[in-house]
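Content type mmCIF, C-alpha atoms and all ligand atoms, from the file target_34.cif:
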data_model
loop_
_atom_site.label_atom_id
_atom_site.label_comp_id
_atom_site.auth_asym_id
_atom_site.auth_seq_id
_atom_site.Cartn_x
_atom_site.Cartn_y
_atom_site.Cartn_z
CA MET B 953 41.80 51.17 30.18
CA GLN B 954 39.13 50.64 32.81
CA TRP B 955 39.47 52.00 36.33
CA SER B 956 38.31 51.02 39.76
CA LEU B 957 37.08 54.16 41.48
CA VAL B 958 37.19 54.70 45.22
CA VAL B 959 34.76 57.32 46.53
CA PRO B 960 35.05 58.45 50.17
CA VAL B 961 31.94 59.55 52.06
CA LYS B 962 32.25 61.10 55.51
CA PRO B 963 29.50 60.31 58.03
CA LEU B 964 26.61 62.48 56.83
CA ALA B 965 25.94 64.13 60.21
CA ARG B 966 29.47 65.62 60.15
CA ALA B 967 29.73 66.24 56.41
CA LYS B 968 29.96 69.56 54.59
CA SER B 969 30.46 71.72 57.68
CA ARG B 970 31.55 74.62 55.45
CA LEU B 971 28.02 74.73 54.03
CA SER B 972 26.65 75.77 57.42
CA ASP B 973 26.03 79.36 56.21
CA THR B 974 23.92 78.01 53.36
CA ALA B 975 22.18 74.98 54.85
CA GLY B 976 21.02 74.26 58.39
CA GLU B 977 21.92 71.18 60.37
CA GLU B 978 18.87 69.21 59.29
CA VAL B 979 19.44 69.89 55.56
CA ARG B 980 23.22 69.46 55.36
CA PRO B 981 23.26 65.65 55.64
CA GLU B 982 20.59 65.47 52.90
CA LEU B 983 22.69 67.67 50.63
CA ALA B 984 25.86 65.66 51.30
CA LEU B 985 24.01 62.44 50.48
CA ALA B 986 22.52 63.97 47.33
CA PHE B 987 26.00 65.05 46.14
CA ALA B 988 27.30 61.51 46.71
CA LEU B 989 24.34 59.90 44.93
CA ASP B 990 24.79 62.13 41.88
CA THR B 991 28.57 61.65 41.87
CA VAL B 992 28.32 57.86 42.04
CA THR B 993 25.50 57.70 39.47
CA ALA B 994 27.65 59.60 36.96
CA ALA B 995 30.76 57.56 37.82
CA LEU B 996 28.91 54.28 37.26
CA ALA B 997 27.73 55.57 33.87
CA CYS B 998 31.31 56.38 32.76
CA SER B 999 32.72 54.09 30.05
CA ALA B 1000 36.24 54.23 31.56
CA VAL B 1001 35.00 52.95 34.95
CA ALA B 1002 34.92 49.23 35.72
CA ASP B 1003 33.55 49.56 39.24
CA VAL B 1004 32.98 52.00 42.07
CA ALA B 1005 33.73 51.31 45.73
CA VAL B 1006 32.42 53.73 48.32
CA VAL B 1007 34.37 53.88 51.56
CA THR B 1008 32.11 55.03 54.37
CA GLU B 1009 31.15 54.35 57.95
CA ASP B 1010 27.70 55.86 57.38
CA PRO B 1011 25.01 53.12 57.21
CA ARG B 1012 22.45 55.19 55.30
CA ALA B 1013 24.97 56.43 52.74
CA GLY B 1014 26.29 52.88 52.33
CA ARG B 1015 22.78 51.50 51.80
CA GLU B 1016 21.69 54.11 49.28
CA LEU B 1017 24.96 54.05 47.32
CA ALA B 1018 24.97 50.24 47.23
CA ALA B 1019 21.46 50.40 45.74
CA LEU B 1020 22.96 52.33 42.80
CA GLY B 1021 25.46 49.53 42.18
CA ALA B 1022 28.51 50.64 44.16
CA ALA B 1023 30.43 48.30 46.42
CA VAL B 1024 30.76 49.49 50.01
CA VAL B 1025 33.99 49.23 51.99
CA ALA B 1026 33.59 49.72 55.73
CA GLY B 1027 36.02 49.18 58.59
CA GLU B 1028 37.95 52.45 58.21
CA PRO B 1029 41.12 52.31 60.24
CA GLY B 1030 40.60 55.81 61.73
CA GLY B 1031 42.93 58.68 60.97
CA GLY B 1032 40.66 60.38 58.45
CA LEU B 1033 40.29 60.59 54.71
CA ASN B 1034 43.70 59.45 53.44
CA ALA B 1035 43.79 56.41 55.72
CA ALA B 1036 40.25 55.53 54.59
CA LEU B 1037 41.30 55.76 50.93
CA ALA B 1038 44.39 53.60 51.41
CA HIS B 1039 42.23 51.03 53.21
CA ALA B 1040 39.71 51.04 50.35
CA VAL B 1041 42.41 50.61 47.68
CA THR B 1042 43.71 47.56 49.56
CA ALA B 1043 40.19 46.10 49.63
CA VAL B 1044 39.56 46.83 45.94
CA ARG B 1045 42.88 45.31 44.85
CA ALA B 1046 42.24 42.22 46.97
CA ALA B 1047 39.24 41.62 44.70
CA ARG B 1048 40.88 42.86 41.46
CA PRO B 1049 44.63 42.45 41.83
CA GLY B 1050 46.68 45.27 40.35
CA THR B 1051 43.71 47.23 38.99
CA PRO B 1052 44.31 50.90 38.17
CA VAL B 1053 42.57 52.96 40.84
CA ALA B 1054 41.35 56.52 41.16
CA ALA B 1055 40.06 58.28 44.24
CA LEU B 1056 37.19 60.61 43.39
CA ASN B 1057 35.58 63.03 45.86
CA ALA B 1058 31.89 62.48 46.58
CA ASP B 1059 31.00 66.17 46.34
CA LEU B 1060 30.84 66.52 42.55
CA PRO B 1061 27.08 66.85 41.92
CA ALA B 1062 27.53 68.21 38.38
CA LEU B 1063 29.77 65.30 37.29
CA ARG B 1064 29.35 64.26 33.65
CA PRO B 1065 30.45 60.75 32.60
CA ALA B 1066 32.07 61.92 29.33
CA GLU B 1067 34.22 64.48 31.15
CA LEU B 1068 35.30 61.86 33.69
CA THR B 1069 36.30 59.58 30.79
CA ARG B 1070 38.55 62.32 29.37
CA VAL B 1071 40.19 62.86 32.76
CA LEU B 1072 40.78 59.14 33.31
CA ASN B 1073 42.17 58.72 29.77
CA ALA B 1074 44.61 61.57 30.49
CA ALA B 1075 45.55 59.99 33.83
CA ALA B 1076 46.31 56.72 32.05
CA GLN B 1077 49.35 58.38 30.42
CA PHE B 1078 51.16 58.62 33.79
CA PRO B 1079 52.00 56.33 36.72
CA ARG B 1080 50.17 58.71 39.08
CA ALA B 1081 48.13 61.78 38.18
CA PHE B 1082 45.66 64.19 39.76
CA LEU B 1083 43.07 66.79 38.81
CA PRO B 1084 43.01 70.09 40.73
CA ASP B 1085 39.65 71.29 42.02
CA ALA B 1086 37.84 74.33 40.62
CA ALA B 1087 39.51 76.57 43.18
CA ALA B 1088 42.93 75.29 41.98
CA ILE B 1089 44.00 74.59 45.58
CA GLY B 1090 42.61 71.15 46.29
CA THR B 1091 42.17 67.91 44.37
CA THR B 1092 39.07 66.15 43.10
CA LEU B 1093 40.68 63.05 41.56
CA LEU B 1094 43.93 61.16 42.19
CA ALA B 1095 44.79 58.21 39.97
CA ALA B 1096 47.38 55.42 40.15
CA GLY B 1097 48.05 52.99 37.31
CA ALA B 1098 48.15 49.22 37.62
CA ASP B 1099 50.11 48.08 40.67
CA ARG B 1100 51.10 51.67 41.61
CA ALA B 1101 50.44 52.82 45.17
CA LEU B 1102 47.87 55.65 45.31
CA LEU B 1103 49.66 57.61 48.08
CA PRO B 1104 46.71 59.94 48.76
CA ALA B 1105 47.45 63.36 50.26
CA PHE B 1106 43.99 64.94 50.24
CA GLY B 1107 43.23 67.82 52.60
CA ALA B 1108 44.52 71.39 52.85
CA ASP B 1109 46.62 72.43 49.82
CA SER B 1110 46.39 68.97 48.33
CA ARG B 1111 47.15 70.24 44.83
CA ALA B 1112 50.64 71.30 45.94
CA ARG B 1113 51.11 68.16 48.01
CA HIS B 1114 50.05 65.81 45.22
CA ARG B 1115 52.38 67.63 42.85
CA ALA B 1116 55.24 67.39 45.35
CA SER B 1117 54.54 63.66 45.71
CA GLY B 1118 55.46 63.18 42.03
CA ALA B 1119 51.91 62.82 40.67
CA ARG B 1120 51.41 64.55 37.31
CA GLU B 1121 48.87 67.38 37.22
CA ILE B 1122 46.21 66.82 34.57
CA ARG B 1123 45.67 69.96 32.48
CA LEU B 1124 42.55 69.67 30.37
CA ASP B 1125 39.99 72.21 29.20
CA ALA B 1126 36.28 71.58 29.49
CA VAL B 1127 36.29 69.16 32.40
CA ASP B 1128 34.61 71.62 34.81
CA SER B 1129 32.14 69.03 36.04
CA VAL B 1130 34.98 66.88 37.42
CA ARG B 1131 36.63 69.87 39.08
CA GLN B 1132 33.57 71.54 40.64
CA ASP B 1133 33.52 70.24 44.19
CA VAL B 1134 31.06 71.78 46.62
CA ASP B 1135 32.41 73.06 49.91
CA THR B 1136 30.66 76.44 50.22
CA GLY B 1137 27.45 78.16 49.18
CA ALA B 1138 29.32 79.79 46.29
CA ASP B 1139 30.50 76.35 45.13
CA LEU B 1140 26.91 75.09 45.26
CA ARG B 1141 25.76 77.98 43.07
CA ALA B 1142 28.59 77.24 40.61
CA ALA B 1143 27.59 73.56 40.47
CA LEU B 1144 23.92 74.47 39.95
CA ALA B 1145 25.00 76.73 37.06
CA LEU B 1146 26.88 73.81 35.45
CA GLY B 1147 23.83 71.59 35.92
CA VAL B 1148 23.57 69.08 38.77
CA GLY B 1149 22.16 65.57 38.93
CA PRO B 1150 18.57 64.89 40.03
CA HIS B 1151 19.26 64.20 43.71
CA THR B 1152 21.07 67.50 44.20
CA ALA B 1153 18.52 69.39 42.12
CA ALA B 1154 15.74 68.11 44.39
CA ALA B 1155 17.68 68.79 47.60
CA ALA B 1156 18.59 72.31 46.44
CA ALA B 1157 14.97 73.01 45.56
CA ARG B 1158 13.94 71.94 49.08
CA LEU B 1159 16.63 74.23 50.47
CA LEU B 1160 15.26 77.21 48.53
CA ILE B 1161 11.69 76.44 49.59
CA ALA B 1162 12.82 76.25 53.22
CA GLU B 1163 14.45 79.68 52.88
CA GLN B 1164 11.27 81.39 51.65
N1 LIG B 1201 35.34 57.77 54.34
C1 LIG B 1201 35.71 59.02 54.68
N2 LIG B 1201 35.50 60.02 53.82
C2 LIG B 1201 35.86 61.29 54.17
C3 LIG B 1201 36.47 61.57 55.42
N3 LIG B 1201 36.70 62.92 55.48
C4 LIG B 1201 36.27 63.43 54.32
N4 LIG B 1201 35.75 62.47 53.52
C5 LIG B 1201 35.22 62.61 52.15
O1 LIG B 1201 36.29 63.12 51.37
C6 LIG B 1201 35.82 64.02 50.35
C7 LIG B 1201 36.48 65.38 50.49
O2 LIG B 1201 36.17 65.91 51.76
P1 LIG B 1201 35.72 67.41 52.00
O3 LIG B 1201 35.53 68.13 50.70
O4 LIG B 1201 36.62 68.04 52.99
O5 LIG B 1201 34.24 67.19 52.59
P2 LIG B 1201 33.71 67.32 54.07
O6 LIG B 1201 34.74 66.79 55.00
O7 LIG B 1201 32.35 66.74 54.09
O8 LIG B 1201 33.57 68.93 54.18
P3 LIG B 1201 33.88 69.88 55.44
O9 LIG B 1201 33.14 69.35 56.63
O10 LIG B 1201 33.34 71.22 55.01
O11 LIG B 1201 35.38 69.86 55.60
C8 LIG B 1201 34.30 64.02 50.50
O12 LIG B 1201 33.79 63.07 49.60
C9 LIG B 1201 34.08 63.58 51.95
O13 LIG B 1201 32.83 62.95 52.16
C10 LIG B 1201 36.68 60.46 56.33
O14 LIG B 1201 37.20 60.60 57.44
N5 LIG B 1201 36.28 59.21 55.90
C1 LIG B 1202 39.93 66.96 50.67
C2 LIG B 1202 39.93 67.90 49.75
O1 LIG B 1202 38.80 68.57 49.52
P1 LIG B 1202 38.48 70.03 50.10
O2 LIG B 1202 39.62 70.92 49.79
O3 LIG B 1202 37.27 70.29 49.31
O4 LIG B 1202 38.26 69.81 51.55
C3 LIG B 1202 41.10 68.21 48.88
O5 LIG B 1202 40.94 69.08 47.99
O6 LIG B 1202 42.14 67.59 49.05
#
Go ahead and render the structure in this file as structure tokens.
Amino acid sequence: MQWSLVVPVKPLARAKSRLSDTAGEEVRPELALAFALDTVTAALACSAVADVAVVTEDPRAGRELAALGAAVVAGEPGGGLNAALAHAVTAVRAARPGTPVAALNADLPALRPAELTRVLNAAAQFPRAFLPDAAAIGTTLLAAGADRALLPAFGADSRARHRASGAREIRLDAVDSVRQDVDTGADLRAALALGVGPHTAAAAARLLIAEQ
């Protein structure tokens, strides 16, 4: 089974506010963009992925992610992340009616295509399924099979809310790269330890140089 992925990217100037202890205001947008570039590069290289649509209102993020081969969905309805995802799924299914869809966070800089394939193959066993984040509180991926509504409930305690919504929790070992989202400095160190993509590696190196 091949999936259409929907990847949400918040306007870079407002993104990753919880990294403010680790990265100053001028560096944070660069880091957020680097995470998204590495996430989308790995997603596009995944054999279980048919296409990737980025939903963003940020012109620079849209431009740079489109250059990788992602489609860009603009025109968010307002109301935040879940409304943006529902809007993007409607746009994707207008082009590919009924396609299975998965929402994937854009802050997974260590993402490995083979691990994403295993997660998507597990998701394909259920009408709706999700993967908890590394902290086991949030969600990094929510999937809905052909013609199923995604019903995204990302945000605080989304693991519990996705479970309560009837989505099946995916329990797999050795898919750390799909679970390691980066919200804090500690998350960034954990992602660097797993091994990040080239954009994040370069941005993190600039961050360390700036600190010296
Ligand atoms: N398109 C879109 N994406 C969003 C929106 N809010 C969050 N996202 C994205 O959703 C994913 C999960 O969001 P968070 O992990 O909370 O990231 P964030 O909002 O940049 O981080 P904080 O500022 O620290 O809360 C990331 O890929 C964000 O870029 C939104 O309003 N619109
Ligand atoms: C939006 C989410 O991400 P975070 O918890 O990283 O903000 C979520 O986990 O639902």
### Pick from B:Ala1013, B:Val1134, B:Ala1019, B:Ile1089, whichever lies nearest to ligand LIG 1201 (chain B) using only C-alpha atoms and all ligand atoms
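That would be B:Val1134, the residue with the smallest distance to ligand LIG 1201 (chain B).
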### Query
Could you list, as a ChimeraX atom specification, all the residues within 8 Å of ligand LIG 1202 (chain B), counting all atoms listed in the file?
/B:1033,1057,1084-1085,1089-1092,1105-1111,1133-1135
### Expected answer as a ChimeraX atom specification: residues within 10 Å of ligand LIG 1201 (chain B), only C-alpha atoms and all ligand atoms
/B:958-972,980-981,984-985,987-988,991,1006-1010,1025-1037,1039-1040,1055-1060,1090-1092,1106-1108,1133-1136
Atoms kept (C-alpha atoms) for selection, written as a tab-separated table (two decimals), in the coordinates of the input:
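The resulting result-v4.tsv:
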chain	number	residue	atom	x	y	z
B	958	VAL	CA	37.19	54.70	45.22
B	959	VAL	CA	34.76	57.32	46.53
B	960	PRO	CA	35.05	58.45	50.17
B	961	VAL	CA	31.94	59.55	52.06
B	962	LYS	CA	32.25	61.10	55.51
B	963	PRO	CA	29.50	60.31	58.03
B	964	LEU	CA	26.61	62.48	56.83
B	965	ALA	CA	25.94	64.13	60.21
B	966	ARG	CA	29.47	65.62	60.15
B	967	ALA	CA	29.73	66.24	56.41
B	968	LYS	CA	29.96	69.56	54.59
B	969	SER	CA	30.46	71.72	57.68
B	970	ARG	CA	31.55	74.62	55.45
B	971	LEU	CA	28.02	74.73	54.03
B	972	SER	CA	26.65	75.77	57.42
B	980	ARG	CA	23.22	69.46	55.36
B	981	PRO	CA	23.26	65.65	55.64
B	984	ALA	CA	25.86	65.66	51.30
B	985	LEU	CA	24.01	62.44	50.48
B	987	PHE	CA	26.00	65.05	46.14
B	988	ALA	CA	27.30	61.51	46.71
B	991	THR	CA	28.57	61.65	41.87
B	1006	VAL	CA	32.42	53.73	48.32
B	1007	VAL	CA	34.37	53.88	51.56
B	1008	THR	CA	32.11	55.03	54.37
B	1009	GLU	CA	31.15	54.35	57.95
B	1010	ASP	CA	27.70	55.86	57.38
B	1025	VAL	CA	33.99	49.23	51.99
B	1026	ALA	CA	33.59	49.72	55.73
B	1027	GLY	CA	36.02	49.18	58.59
B	1028	GLU	CA	37.95	52.45	58.21
B	1029	PRO	CA	41.12	52.31	60.24
B	1030	GLY	CA	40.60	55.81	61.73
B	1031	GLY	CA	42.93	58.68	60.97
B	1032	GLY	CA	40.66	60.38	58.45
B	1033	LEU	CA	40.29	60.59	54.71
B	1034	ASN	CA	43.70	59.45	53.44
B	1035	ALA	CA	43.79	56.41	55.72
B	1036	ALA	CA	40.25	55.53	54.59
B	1037	LEU	CA	41.30	55.76	50.93
B	1039	HIS	CA	42.23	51.03	53.21
B	1040	ALA	CA	39.71	51.04	50.35
B	1055	ALA	CA	40.06	58.28	44.24
B	1056	LEU	CA	37.19	60.61	43.39
B	1057	ASN	CA	35.58	63.03	45.86
B	1058	ALA	CA	31.89	62.48	46.58
B	1059	ASP	CA	31.00	66.17	46.34
B	1060	LEU	CA	30.84	66.52	42.55
B	1090	GLY	CA	42.61	71.15	46.29
B	1091	THR	CA	42.17	67.91	44.37
B	1092	THR	CA	39.07	66.15	43.10
B	1106	PHE	CA	43.99	64.94	50.24
B	1107	GLY	CA	43.23	67.82	52.60
B	1108	ALA	CA	44.52	71.39	52.85
B	1133	ASP	CA	33.52	70.24	44.19
B	1134	VAL	CA	31.06	71.78	46.62
B	1135	ASP	CA	32.41	73.06	49.91
B	1136	THR	CA	30.66	76.44	50.22
### Query
In Å to one decimal, how far is CA of Thr993 in chain B from CA of Pro1049 in chain B?
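For CA of Pro1049 in chain B relative to CA of Thr993 in chain B, the distance reads 24.6 Å.
Here CA of Leu1017 in chain B is placed at a distance of 7.3 Å from CA of Val992 in chain B.
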### Query
Between B:Leu1020, B:Ala1000, B:Val1041, B:Ala994, which has the minimum distance to Ala1075 in chain B (counting all atoms listed in the file)?
B:Ala1000
### Task
For Val1053 in chain B, work out the shell of residues within 6 Å, counting all atoms listed in the file and skipping chain neighbours fewer than 3 positions away, then give it as a list in words.
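The filter keeps Trp955, Ser956, Leu957, Ala1095 and Ala1096 of chain B.
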Output as a short mmCIF file (atom, residue, chain, number, x, y, z; two decimals), keeping the file's coordinate frame: range 1028-1052 of chain B, completed with N, CA and C atoms.
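The file below, rebuild08.cif, is the result:
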data_model
loop_
_atom_site.label_atom_id
_atom_site.label_comp_id
_atom_site.auth_asym_id
_atom_site.auth_seq_id
_atom_site.Cartn_x
_atom_site.Cartn_y
_atom_site.Cartn_z
N GLU B 1028 36.87 51.45 58.32
CA GLU B 1028 37.95 52.45 58.21
C GLU B 1028 38.89 52.33 59.40
N PRO B 1029 40.17 52.50 59.15
CA PRO B 1029 41.12 52.31 60.24
C PRO B 1029 41.14 53.47 61.24
N GLY B 1030 40.45 54.59 60.93
CA GLY B 1030 40.60 55.81 61.73
C GLY B 1030 41.75 56.59 61.15
N GLY B 1031 41.84 57.87 61.52
CA GLY B 1031 42.93 58.68 60.97
C GLY B 1031 42.49 59.51 59.79
N GLY B 1032 41.18 59.45 59.44
CA GLY B 1032 40.66 60.38 58.45
C GLY B 1032 40.69 59.89 57.02
N LEU B 1033 40.54 60.86 56.12
CA LEU B 1033 40.29 60.59 54.71
C LEU B 1033 41.39 59.76 54.03
N ASN B 1034 42.64 60.15 54.19
CA ASN B 1034 43.70 59.45 53.44
C ASN B 1034 43.88 58.01 53.91
N ALA B 1035 43.72 57.79 55.20
CA ALA B 1035 43.79 56.41 55.72
C ALA B 1035 42.61 55.60 55.20
N ALA B 1036 41.43 56.23 55.12
CA ALA B 1036 40.25 55.53 54.59
C ALA B 1036 40.47 55.15 53.13
N LEU B 1037 41.06 56.05 52.35
CA LEU B 1037 41.30 55.76 50.93
C LEU B 1037 42.31 54.63 50.75
N ALA B 1038 43.38 54.66 51.52
CA ALA B 1038 44.39 53.60 51.41
C ALA B 1038 43.78 52.25 51.76
N HIS B 1039 42.94 52.24 52.80
CA HIS B 1039 42.23 51.03 53.21
C HIS B 1039 41.33 50.53 52.08
N ALA B 1040 40.62 51.45 51.44
CA ALA B 1040 39.71 51.04 50.35
C ALA B 1040 40.48 50.50 49.15
N VAL B 1041 41.62 51.11 48.82
CA VAL B 1041 42.41 50.61 47.68
C VAL B 1041 42.88 49.19 47.97
N THR B 1042 43.30 48.93 49.19
CA THR B 1042 43.71 47.56 49.56
C THR B 1042 42.55 46.58 49.35
N ALA B 1043 41.36 46.98 49.78
CA ALA B 1043 40.19 46.10 49.63
C ALA B 1043 39.85 45.88 48.16
N VAL B 1044 39.90 46.94 47.37
CA VAL B 1044 39.56 46.83 45.94
C VAL B 1044 40.57 45.94 45.22
N ARG B 1045 41.85 46.10 45.55
CA ARG B 1045 42.88 45.31 44.85
C ARG B 1045 42.94 43.87 45.36
N ALA B 1046 42.37 43.62 46.52
CA ALA B 1046 42.24 42.22 46.97
C ALA B 1046 41.27 41.49 46.05
N ALA B 1047 40.23 42.23 45.60
CA ALA B 1047 39.24 41.62 44.70
C ALA B 1047 39.70 41.65 43.25
N ARG B 1048 40.39 42.71 42.85
CA ARG B 1048 40.88 42.86 41.46
C ARG B 1048 42.36 43.19 41.51
N PRO B 1049 43.20 42.19 41.62
CA PRO B 1049 44.63 42.45 41.83
C PRO B 1049 45.22 43.38 40.77
N GLY B 1050 45.95 44.38 41.25
CA GLY B 1050 46.68 45.27 40.35
C GLY B 1050 45.86 46.31 39.61
N THR B 1051 44.54 46.33 39.80
CA THR B 1051 43.71 47.23 38.99
C THR B 1051 44.14 48.70 39.13
N PRO B 1052 44.10 49.46 38.03
CA PRO B 1052 44.31 50.90 38.17
C PRO B 1052 43.20 51.49 39.03
#
